[in-house]
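Shown next: protein-v2.cif, given as mmCIF, C-alpha atoms.
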data_data
#
loop_
_atom_site.group_PDB
_atom_site.id
_atom_site.type_symbol
_atom_site.label_atom_id
_atom_site.label_comp_id
_atom_site.auth_asym_id
_atom_site.auth_seq_id
_atom_site.Cartn_x
_atom_site.Cartn_y
_atom_site.Cartn_z
ATOM 1 C CA MET A 561 6.395 13.119 -26.991
ATOM 2 C CA SER A 562 4.035 14.703 -24.467
ATOM 3 C CA GLU A 563 4.819 14.867 -20.731
ATOM 4 C CA LYS A 564 2.043 12.408 -19.982
ATOM 5 C CA GLU A 565 3.371 9.868 -22.461
ATOM 6 C CA LEU A 566 6.883 10.247 -21.078
ATOM 7 C CA ALA A 567 5.650 9.806 -17.515
ATOM 8 C CA LYS A 568 3.787 6.644 -18.533
ATOM 9 C CA LYS A 569 6.896 5.294 -20.234
ATOM 10 C CA TRP A 570 8.978 5.913 -17.131
ATOM 11 C CA ASP A 571 6.337 4.224 -14.955
ATOM 12 C CA ARG A 572 6.409 1.215 -17.272
ATOM 13 C CA CYS A 573 10.220 1.193 -17.166
ATOM 14 C CA LEU A 574 10.321 1.106 -13.362
ATOM 15 C CA ALA A 575 7.615 -1.569 -13.100
ATOM 16 C CA ASP A 576 9.358 -3.643 -15.746
ATOM 17 C CA GLY A 577 12.695 -3.224 -13.924
ATOM 18 C CA ALA A 578 11.224 -4.463 -10.675
ATOM 19 C CA ILE A 579 9.607 -7.464 -12.371
ATOM 20 C CA LYS A 580 12.691 -8.464 -14.308
ATOM 21 C CA LEU A 581 14.917 -8.062 -11.236
ATOM 22 C CA GLY A 582 12.595 -10.317 -9.253
ATOM 23 C CA THR A 583 12.358 -12.864 -12.051
ATOM 24 C CA GLY A 584 16.120 -12.905 -12.533
ATOM 25 C CA LEU A 585 16.638 -13.273 -8.802
ATOM 26 C CA GLY A 586 14.150 -16.139 -8.632
ATOM 27 C CA LEU A 587 15.598 -17.990 -11.586
ATOM 28 C CA GLY A 588 19.104 -17.379 -10.226
ATOM 29 C CA ILE A 589 18.107 -18.925 -6.904
ATOM 30 C CA VAL A 590 16.556 -21.932 -8.669
ATOM 31 C CA PHE A 591 19.664 -22.536 -10.753
ATOM 32 C CA SER A 592 21.989 -21.919 -7.829
ATOM 33 C CA VAL A 593 20.206 -24.475 -5.669
ATOM 34 C CA LEU A 594 19.777 -27.078 -8.417
ATOM 35 C CA PHE A 595 23.019 -26.960 -10.380
ATOM 36 C CA PHE A 596 25.649 -24.802 -8.712
ATOM 37 C CA LYS A 597 25.779 -26.085 -5.154
ATOM 38 C CA ARG A 598 24.175 -22.971 -3.620
ATOM 39 C CA HIS A 599 26.891 -20.587 -4.734
ATOM 40 C CA THR A 600 26.036 -16.896 -4.865
ATOM 41 C CA TRP A 601 27.193 -16.075 -8.379
ATOM 42 C CA PRO A 602 24.184 -17.491 -10.274
ATOM 43 C CA ILE A 603 21.919 -15.277 -8.166
ATOM 44 C CA SER A 604 23.995 -12.186 -8.949
ATOM 45 C CA PHE A 605 24.151 -13.217 -12.605
ATOM 46 C CA GLY A 606 20.380 -13.692 -12.776
ATOM 47 C CA SER A 607 19.627 -10.355 -11.112
ATOM 48 C CA GLY A 608 22.116 -8.602 -13.377
ATOM 49 C CA THR A 609 20.629 -10.216 -16.480
ATOM 50 C CA GLY A 610 17.132 -9.159 -15.389
ATOM 51 C CA LEU A 611 18.232 -5.580 -14.814
ATOM 52 C CA GLY A 612 20.029 -5.557 -18.164
ATOM 53 C CA MET A 613 16.908 -6.778 -19.989
ATOM 54 C CA ALA A 614 14.837 -4.108 -18.259
ATOM 55 C CA TYR A 615 17.388 -1.446 -19.259
ATOM 56 C CA ALA A 616 17.312 -2.568 -22.885
ATOM 57 C CA ASN A 617 13.505 -2.575 -22.921
ATOM 58 C CA CYS A 618 13.393 0.893 -21.399
ATOM 59 C CA GLN A 619 15.927 2.214 -23.895
ATOM 60 C CA ASN A 620 13.934 0.788 -26.803
ATOM 61 C CA ASP A 621 10.686 2.184 -25.420
ATOM 62 C CA LEU A 622 12.070 5.688 -24.944
ATOM 63 C CA ARG A 623 13.730 5.738 -28.373
ATOM 64 C CA SER A 624 10.731 4.311 -30.237
ATOM 65 C CA PHE A 625 9.146 7.763 -30.567
ATOM 66 C CA TYR A 626 12.060 9.016 -32.664
ATOM 67 C CA MET A 627 12.536 5.889 -34.774
ATOM 68 C CA LEU A 628 11.426 5.809 -38.391
ATOM 69 C CA HIS A 629 9.240 2.781 -39.028
ATOM 70 C CA SER A 630 9.699 0.758 -42.200
ATOM 71 C CA SER A 631 6.140 1.539 -43.360
ATOM 72 C CA GLU A 632 6.904 5.282 -43.318
ATOM 73 C CA LYS A 633 10.240 4.708 -45.048
ATOM 74 C CA GLU A 634 8.578 3.195 -48.114
ATOM 75 C CA GLN A 635 6.506 6.329 -48.762
ATOM 76 C CA MET B 463 22.133 -51.068 -12.066
ATOM 77 C CA ALA B 464 20.097 -48.757 -9.866
ATOM 78 C CA ALA B 465 23.274 -47.006 -8.712
ATOM 79 C CA LYS B 466 24.097 -46.159 -12.324
ATOM 80 C CA ILE B 467 20.622 -44.857 -13.199
ATOM 81 C CA LEU B 468 20.179 -42.713 -10.049
ATOM 82 C CA PRO B 469 22.523 -39.844 -11.031
ATOM 83 C CA VAL B 470 20.850 -39.673 -14.462
ATOM 84 C CA VAL B 471 17.414 -39.560 -12.856
ATOM 85 C CA LYS B 472 18.589 -36.853 -10.460
ATOM 86 C CA LEU B 473 19.963 -34.783 -13.316
ATOM 87 C CA ALA B 474 16.802 -35.280 -15.363
ATOM 88 C CA THR B 475 14.656 -34.124 -12.410
ATOM 89 C CA LYS B 476 16.792 -31.039 -11.885
ATOM 90 C CA VAL B 477 16.690 -30.166 -15.598
ATOM 91 C CA THR B 478 12.897 -30.622 -15.600
ATOM 92 C CA ILE B 479 12.444 -28.330 -12.615
ATOM 93 C CA ALA B 480 14.767 -25.657 -14.013
ATOM 94 C CA GLY B 481 13.200 -25.924 -17.460
ATOM 95 C CA GLY B 482 9.730 -25.656 -15.947
ATOM 96 C CA ALA B 483 10.703 -22.518 -14.027
ATOM 97 C CA LEU B 484 12.084 -20.956 -17.213
ATOM 98 C CA TYR B 485 8.973 -21.932 -19.173
ATOM 99 C CA VAL B 486 6.652 -20.418 -16.557
ATOM 100 C CA ALA B 487 8.692 -17.209 -16.469
ATOM 101 C CA TYR B 488 8.682 -16.929 -20.274
ATOM 102 C CA GLY B 489 5.032 -17.939 -20.638
ATOM 103 C CA SER B 490 3.670 -15.387 -18.185
ATOM 104 C CA GLY B 491 5.416 -12.583 -20.067
ATOM 105 C CA LEU B 492 7.912 -11.820 -17.319
ATOM 106 C CA LEU B 493 10.812 -11.834 -19.781
ATOM 107 C CA GLY B 494 9.085 -9.897 -22.567
ATOM 108 C CA SER B 495 8.522 -6.226 -23.299
ATOM 109 C CA SER B 496 7.564 -3.489 -20.798
ATOM 110 C CA GLU B 497 3.840 -3.774 -21.591
ATOM 111 C CA GLN B 498 3.811 -7.515 -20.933
ATOM 112 C CA GLY B 499 5.666 -6.935 -17.670
ATOM 113 C CA SER B 500 3.146 -4.319 -16.469
ATOM 114 C CA VAL B 501 0.265 -6.650 -17.394
ATOM 115 C CA ALA B 502 1.890 -9.488 -15.424
ATOM 116 C CA LEU B 503 2.392 -7.151 -12.421
ATOM 117 C CA GLY B 504 -1.261 -6.109 -12.547
ATOM 118 C CA LYS B 505 -2.375 -9.742 -12.679
ATOM 119 C CA ALA B 506 -0.145 -10.607 -9.707
ATOM 120 C CA LYS B 507 -1.484 -7.654 -7.656
ATOM 121 C CA ALA B 508 -5.066 -8.703 -8.407
ATOM 122 C CA ALA B 509 -4.367 -12.339 -7.516
ATOM 123 C CA ILE B 510 -2.833 -11.688 -4.084
ATOM 124 C CA PRO B 511 -5.967 -11.051 -1.907
ATOM 125 C CA PRO B 512 -7.855 -14.203 -3.069
ATOM 126 C CA ALA B 513 -4.667 -16.252 -2.635
ATOM 127 C CA VAL B 514 -4.203 -14.901 0.917
ATOM 128 C CA GLN B 515 -7.862 -15.738 1.638
ATOM 129 C CA GLU B 516 -7.356 -19.311 0.392
ATOM 130 C CA TRP B 517 -4.275 -19.786 2.592
ATOM 131 C CA MET B 518 -6.086 -18.356 5.605
ATOM 132 C CA LYS B 519 -8.966 -20.811 5.050
ATOM 133 C CA TYR B 520 -6.527 -23.695 4.617
ATOM 134 C CA PHE B 521 -4.840 -22.981 7.928
ATOM 135 C CA GLY B 522 -8.159 -22.348 9.684
ATOM 136 C CA LEU B 523 -7.330 -18.742 10.501
ATOM 137 C CA GLU B 524 -10.383 -17.352 8.750
ATOM 138 C CA ALA B 525 -11.545 -14.448 10.890
ATOM 139 C CA GLN B 526 -8.136 -13.422 12.162
ATOM 140 C CA LEU B 527 -6.791 -11.158 9.451
ATOM 141 C CA PRO B 528 -8.185 -7.622 9.926
ATOM 142 C CA THR B 529 -8.887 -5.575 6.830
ATOM 143 C CA ILE B 530 -5.847 -3.508 5.971
ATOM 144 C CA PRO B 531 -6.859 0.181 6.132
ATOM 145 C CA THR B 532 -6.400 1.918 2.808
ATOM 146 C CA VAL B 533 -3.613 4.439 3.305
ATOM 147 C CA GLU B 534 -3.878 7.510 1.087
ATOM 148 C CA PHE B 535 -0.175 7.688 0.328
ATOM 149 C CA SER B 536 1.248 8.138 -3.111
ATOM 150 C CA PRO B 537 5.042 7.778 -3.355
ATOM 151 C CA VAL B 538 5.020 9.736 -6.605
ATOM 152 C CA GLN B 539 3.216 12.706 -5.040
ATOM 153 C CA ALA B 540 5.458 12.606 -1.980
ATOM 154 C CA TRP B 541 8.593 12.548 -4.127
ATOM 155 C CA ASN B 542 7.375 15.366 -6.379
ATOM 156 C CA SER B 543 6.425 17.600 -3.458
ATOM 157 C CA GLY B 544 9.809 16.864 -1.843
ATOM 158 C CA VAL B 545 11.647 17.925 -4.993
ATOM 159 C CA ARG B 546 9.554 21.120 -5.284
ATOM 160 C CA LYS B 547 10.151 22.065 -1.632
ATOM 161 C CA THR B 548 13.895 21.431 -1.896
ATOM 162 C CA ILE B 549 14.308 23.490 -5.063
ATOM 163 C CA SER B 550 12.187 26.376 -3.744
ATOM 164 C CA THR B 551 14.182 26.403 -0.490
ATOM 165 C CA LEU B 552 17.429 26.478 -2.439
ATOM 166 C CA SER B 553 16.218 29.299 -4.682
ATOM 167 C CA GLU B 554 15.034 31.399 -1.716
ATOM 168 C CA ALA B 555 18.101 30.647 0.393
ATOM 169 C CA PRO B 556 20.144 33.783 -0.545
ATOM 170 C CA THR B 557 17.215 36.126 0.137
ATOM 171 C CA ASN B 558 16.444 34.370 3.415
ATOM 172 C CA ALA B 559 20.106 34.475 4.442
ATOM 173 C CA VAL B 560 20.249 38.258 3.837
ATOM 174 C CA GLY B 561 17.019 38.709 5.788
ATOM 175 C CA TYR B 562 18.209 36.644 8.756
ATOM 176 C CA THR B 563 21.583 38.442 8.782
ATOM 177 C CA ASN B 564 19.840 41.826 8.860
ATOM 178 C CA GLN B 565 17.581 40.612 11.655
ATOM 179 C CA GLY B 566 20.653 39.449 13.557
ATOM 180 C CA PHE B 567 22.378 42.828 13.134
ATOM 181 C CA GLN B 568 19.214 44.654 14.252
ATOM 182 C CA TYR B 569 18.987 42.423 17.336
ATOM 183 C CA MET B 570 22.633 43.126 18.207
ATOM 184 C CA LYS B 571 22.056 46.867 17.738
ATOM 185 C CA ASP B 572 19.012 46.723 20.008
ATOM 186 C CA LEU B 573 21.090 44.896 22.632
ATOM 187 C CA THR B 574 23.813 47.589 22.617
ATOM 188 C CA LYS B 575 21.279 50.460 22.862
#

Kindly present the structure from the file in C-alpha coordinates form.
Amino acid sequence: MSEKELAKKWDRCLADGAIKLGTGLGLGIVFSVLFFKRHTWPISFGSGTGLGMAYANCQNDLRSFYMLHSSEKEQ
Amino acid sequence: MAAKILPVVKLATKVTIAGGALYVAYGSGLLGSSEQGSVALGKAKAAIPPAVQEWMKYFGLEAQLPTIPTVEFSPVQAWNSGVRKTISTLSEAPTNAVGYTNQGFQYMKDLTK
(Lines of atoms letter the chains of each structure in order from A and count residues from 1; the text may use other names and numbers.)
(Lines give C-alpha, C1' and ligand atoms only; values in the text may rest on other atoms or scores of the structure.)
Protein backbone atom coordinates (compact mmCIF):
# COMPACT_ATOMS: atom_id res chain seq x y z
CA MET A 1 0.00 0.00 0.00
CA SER A 2 1.52 3.33 -1.03
CA GLU A 3 1.74 6.32 1.34
CA LYS A 4 -0.81 8.21 -0.71
CA GLU A 5 -3.32 5.38 -0.54
CA LEU A 6 -2.80 5.04 3.20
CA ALA A 7 -3.26 8.77 3.71
CA LYS A 8 -6.50 8.67 1.71
CA LYS A 9 -7.75 5.74 3.77
CA TRP A 10 -7.03 7.58 7.00
CA ASP A 11 -8.79 10.70 5.68
CA ARG A 12 -11.82 8.56 4.82
CA CYS A 13 -11.70 6.95 8.27
CA LEU A 14 -11.75 10.30 10.07
CA ALA A 15 -14.52 11.72 7.87
CA ASP A 16 -16.55 8.56 8.31
CA GLY A 17 -15.99 8.69 12.09
CA ALA A 18 -17.26 12.24 12.29
CA ILE A 19 -20.33 11.43 10.19
CA LYS A 20 -21.23 8.30 12.11
CA LEU A 21 -20.72 10.05 15.46
CA GLY A 22 -23.05 12.84 14.36
CA THR A 23 -25.62 10.43 12.99
CA GLY A 24 -25.53 8.30 16.13
CA LEU A 25 -25.85 11.40 18.28
CA GLY A 26 -28.80 12.64 16.24
CA LEU A 27 -30.62 9.34 16.28
CA GLY A 28 -29.87 8.98 20.00
CA ILE A 29 -31.42 12.38 20.65
CA VAL A 30 -34.50 11.48 18.59
CA PHE A 31 -35.01 8.21 20.45
CA SER A 32 -34.28 9.78 23.81
CA VAL A 33 -36.88 12.49 23.29
CA LEU A 34 -39.52 10.20 21.76
CA PHE A 35 -39.30 7.00 23.77
CA PHE A 36 -37.03 7.32 26.79
CA LYS A 37 -38.28 10.43 28.55
CA ARG A 38 -35.22 12.55 27.69
CA HIS A 39 -32.74 10.36 29.53
CA THR A 40 -29.09 10.66 28.57
CA TRP A 41 -28.25 7.01 28.00
CA PRO A 42 -29.79 6.66 24.51
CA ILE A 43 -27.65 9.58 23.36
CA SER A 44 -24.49 7.97 24.74
CA PHE A 45 -25.54 4.63 23.28
CA GLY A 46 -26.16 6.16 19.85
CA SER A 47 -22.84 8.02 19.81
CA GLY A 48 -21.01 4.90 20.95
CA THR A 49 -22.71 2.78 18.28
CA GLY A 50 -21.77 5.33 15.61
CA LEU A 51 -18.15 5.39 16.72
CA GLY A 52 -18.09 1.59 16.82
CA MET A 53 -19.44 1.35 13.26
CA ALA A 54 -16.83 3.85 12.09
CA TYR A 55 -14.09 1.83 13.82
CA ALA A 56 -15.24 -1.38 12.16
CA ASN A 57 -15.39 0.30 8.75
CA CYS A 58 -11.91 1.74 9.21
CA GLN A 59 -10.52 -1.62 10.30
CA ASN A 60 -12.04 -3.33 7.27
CA ASP A 61 -10.76 -0.63 4.94
CA LEU A 62 -7.20 -0.79 6.26
CA ARG A 63 -7.12 -4.60 6.20
CA SER A 64 -8.67 -4.93 2.73
CA PHE A 65 -5.28 -4.48 1.04
CA TYR A 66 -3.94 -7.65 2.66
CA MET A 67 -7.06 -9.78 2.25
CA LEU A 68 -7.21 -12.51 -0.36
CA HIS A 69 -10.32 -12.13 -2.49
CA SER A 70 -12.35 -15.19 -3.43
CA SER A 71 -11.71 -14.62 -7.16
CA GLU A 72 -7.95 -14.89 -6.59
CA LYS A 73 -8.41 -17.94 -4.37
CA GLU A 74 -10.01 -19.94 -7.18
CA GLN A 75 -6.96 -19.56 -9.43
CA MET B 1 -63.44 5.66 23.11
CA ALA B 2 -61.19 8.56 22.19
CA ALA B 3 -59.31 8.18 25.48
CA LYS B 4 -58.46 4.60 24.56
CA ILE B 5 -57.30 5.39 21.02
CA LEU B 6 -55.15 8.42 21.96
CA PRO B 7 -52.20 6.52 23.51
CA VAL B 8 -52.12 4.20 20.47
CA VAL B 9 -52.12 7.18 18.12
CA LYS B 10 -49.35 8.82 20.14
CA LEU B 11 -47.25 5.67 20.01
CA ALA B 12 -47.89 5.26 16.29
CA THR B 13 -46.79 8.87 15.66
CA LYS B 14 -43.62 8.41 17.69
CA VAL B 15 -42.78 5.15 15.89
CA THR B 16 -43.38 6.85 12.53
CA ILE B 17 -41.08 9.74 13.38
CA ALA B 18 -38.33 7.47 14.73
CA GLY B 19 -38.69 5.09 11.79
CA GLY B 20 -38.53 8.01 9.36
CA ALA B 21 -35.35 9.31 10.98
CA LEU B 22 -33.76 5.86 10.72
CA TYR B 23 -34.87 5.50 7.10
CA VAL B 24 -33.42 8.89 6.15
CA ALA B 25 -30.14 8.08 7.89
CA TYR B 26 -29.89 4.69 6.16
CA GLY B 27 -31.03 6.00 2.78
CA SER B 28 -28.51 8.82 2.57
CA GLY B 29 -25.66 6.39 3.18
CA LEU B 30 -24.79 7.73 6.61
CA LEU B 31 -24.71 4.22 8.10
CA GLY B 32 -22.86 2.53 5.23
CA SER B 33 -19.22 2.16 4.27
CA SER B 34 -16.50 4.85 4.43
CA GLU B 35 -16.93 5.81 0.76
CA GLN B 36 -20.66 6.38 1.17
CA GLY B 37 -19.99 8.47 4.27
CA SER B 38 -17.46 10.70 2.47
CA VAL B 39 -19.90 11.14 -0.43
CA ALA B 40 -22.66 12.15 2.00
CA LEU B 41 -20.28 14.63 3.72
CA GLY B 42 -19.38 16.16 0.36
CA LYS B 43 -23.05 16.51 -0.56
CA ALA B 44 -23.81 18.16 2.80
CA LYS B 45 -20.89 20.62 2.42
CA ALA B 46 -22.08 21.55 -1.08
CA ALA B 47 -25.68 22.00 0.08
CA ILE B 48 -24.94 24.38 2.96
CA PRO B 49 -24.40 27.74 1.12
CA PRO B 50 -27.63 27.52 -0.97
CA ALA B 51 -29.56 26.45 2.15
CA VAL B 52 -28.16 29.43 4.11
CA GLN B 53 -29.13 31.71 1.20
CA GLU B 54 -32.69 30.34 1.22
CA TRP B 55 -33.03 30.91 4.97
CA MET B 56 -31.65 34.43 4.66
CA LYS B 57 -34.21 35.21 1.93
CA TYR B 58 -37.01 33.70 4.02
CA PHE B 59 -36.21 35.90 6.98
CA GLY B 60 -35.68 38.97 4.79
CA LEU B 61 -32.04 39.36 5.76
CA GLU B 62 -30.78 39.18 2.20
CA ALA B 63 -27.90 41.64 2.02
CA GLN B 64 -26.74 41.26 5.59
CA LEU B 65 -24.45 38.25 5.49
CA PRO B 66 -20.96 39.34 4.33
CA THR B 67 -18.97 36.91 2.24
CA ILE B 68 -16.80 34.79 4.49
CA PRO B 69 -13.15 35.42 3.53
CA THR B 70 -11.42 32.26 2.38
CA VAL B 71 -8.80 31.48 5.00
CA GLU B 72 -5.76 29.65 3.65
CA PHE B 73 -5.45 27.31 6.61
CA SER B 74 -4.97 23.60 6.32
CA PRO B 75 -5.19 21.67 9.61
CA VAL B 76 -3.27 18.80 8.06
CA GLN B 77 -0.35 21.03 7.04
CA ALA B 78 -0.34 22.76 10.42
CA TRP B 79 -0.30 19.43 12.26
CA ASN B 80 2.45 17.99 10.05
CA SER B 81 4.67 21.05 10.44
CA GLY B 82 4.07 20.97 14.21
CA VAL B 83 5.18 17.34 14.40
CA ARG B 84 8.29 18.05 12.28
CA LYS B 85 9.29 21.05 14.42
CA THR B 86 8.79 19.13 17.66
CA ILE B 87 10.83 16.13 16.54
CA SER B 88 13.65 18.29 15.13
CA THR B 89 13.78 20.30 18.37
CA LEU B 90 13.96 17.10 20.39
CA SER B 91 16.71 15.67 18.20
CA GLU B 92 18.79 18.87 18.40
CA ALA B 93 18.17 19.37 22.11
CA PRO B 94 21.37 17.64 23.40
CA THR B 95 23.61 19.59 21.00
CA ASN B 96 21.85 22.85 21.85
CA ALA B 97 22.10 22.12 25.58
CA VAL B 98 25.88 21.55 25.30
CA GLY B 99 26.23 24.75 23.27
CA TYR B 100 24.24 26.85 25.74
CA THR B 101 26.16 25.37 28.70
CA ASN B 102 29.47 26.25 27.06
CA GLN B 103 28.20 29.76 26.34
CA GLY B 104 27.17 30.06 29.98
CA PHE B 105 30.60 28.94 31.21
CA GLN B 106 32.32 31.38 28.82
CA TYR B 107 30.11 34.22 30.08
CA MET B 108 30.95 33.36 33.70
CA LYS B 109 34.67 33.24 32.84
CA ASP B 110 34.43 36.63 31.15
CA LEU B 111 32.70 38.02 34.25
CA THR B 112 35.49 36.81 36.57
CA LYS B 113 38.27 38.20 34.32

Legend entry - Close residues, region 565-581 of chain A itself excluded, 9 Å, all atoms listed in the file, min 3 positions apart in chain, as a PyMOL selection string: (chain A and resi 561-562+584-586+606-615+617-619+621-622) or (chain B and resi 492-493+495-500+502-503)

Inset, instruction - With a distance threshold of 12 Å and counting all atoms listed in the file, extract the residues of chain B near chain A and express them as a PyMOL selection string. - result: chain B and resi 472-488+490-504+506+538

Axis-aligned box over every listed atom of region 538-549 of chain B, padded by 5 Å per side: centre and edges in Å to one decimal, as lines of an AutoDock Vina configuration file?
center_x = 8.8
center_y = 16.6
center_z = -4.1
size_x = 21.1
size_y = 23.8
size_z = 15.0

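Reported to one decimal place, the separation of CA of Glu554 (chain B) from CA of Trp541 (chain B) is 20.1 Å.
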
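CA of Gly561 (chain B) sits 18.9 Å away from CA of Ile549 (chain B).
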
Inset, instruction - Please measure the separation of CA of Val533 (chain B) and CA of Glu563 (chain A), giving the value in Å to one decimal. - result: 27.5 Å
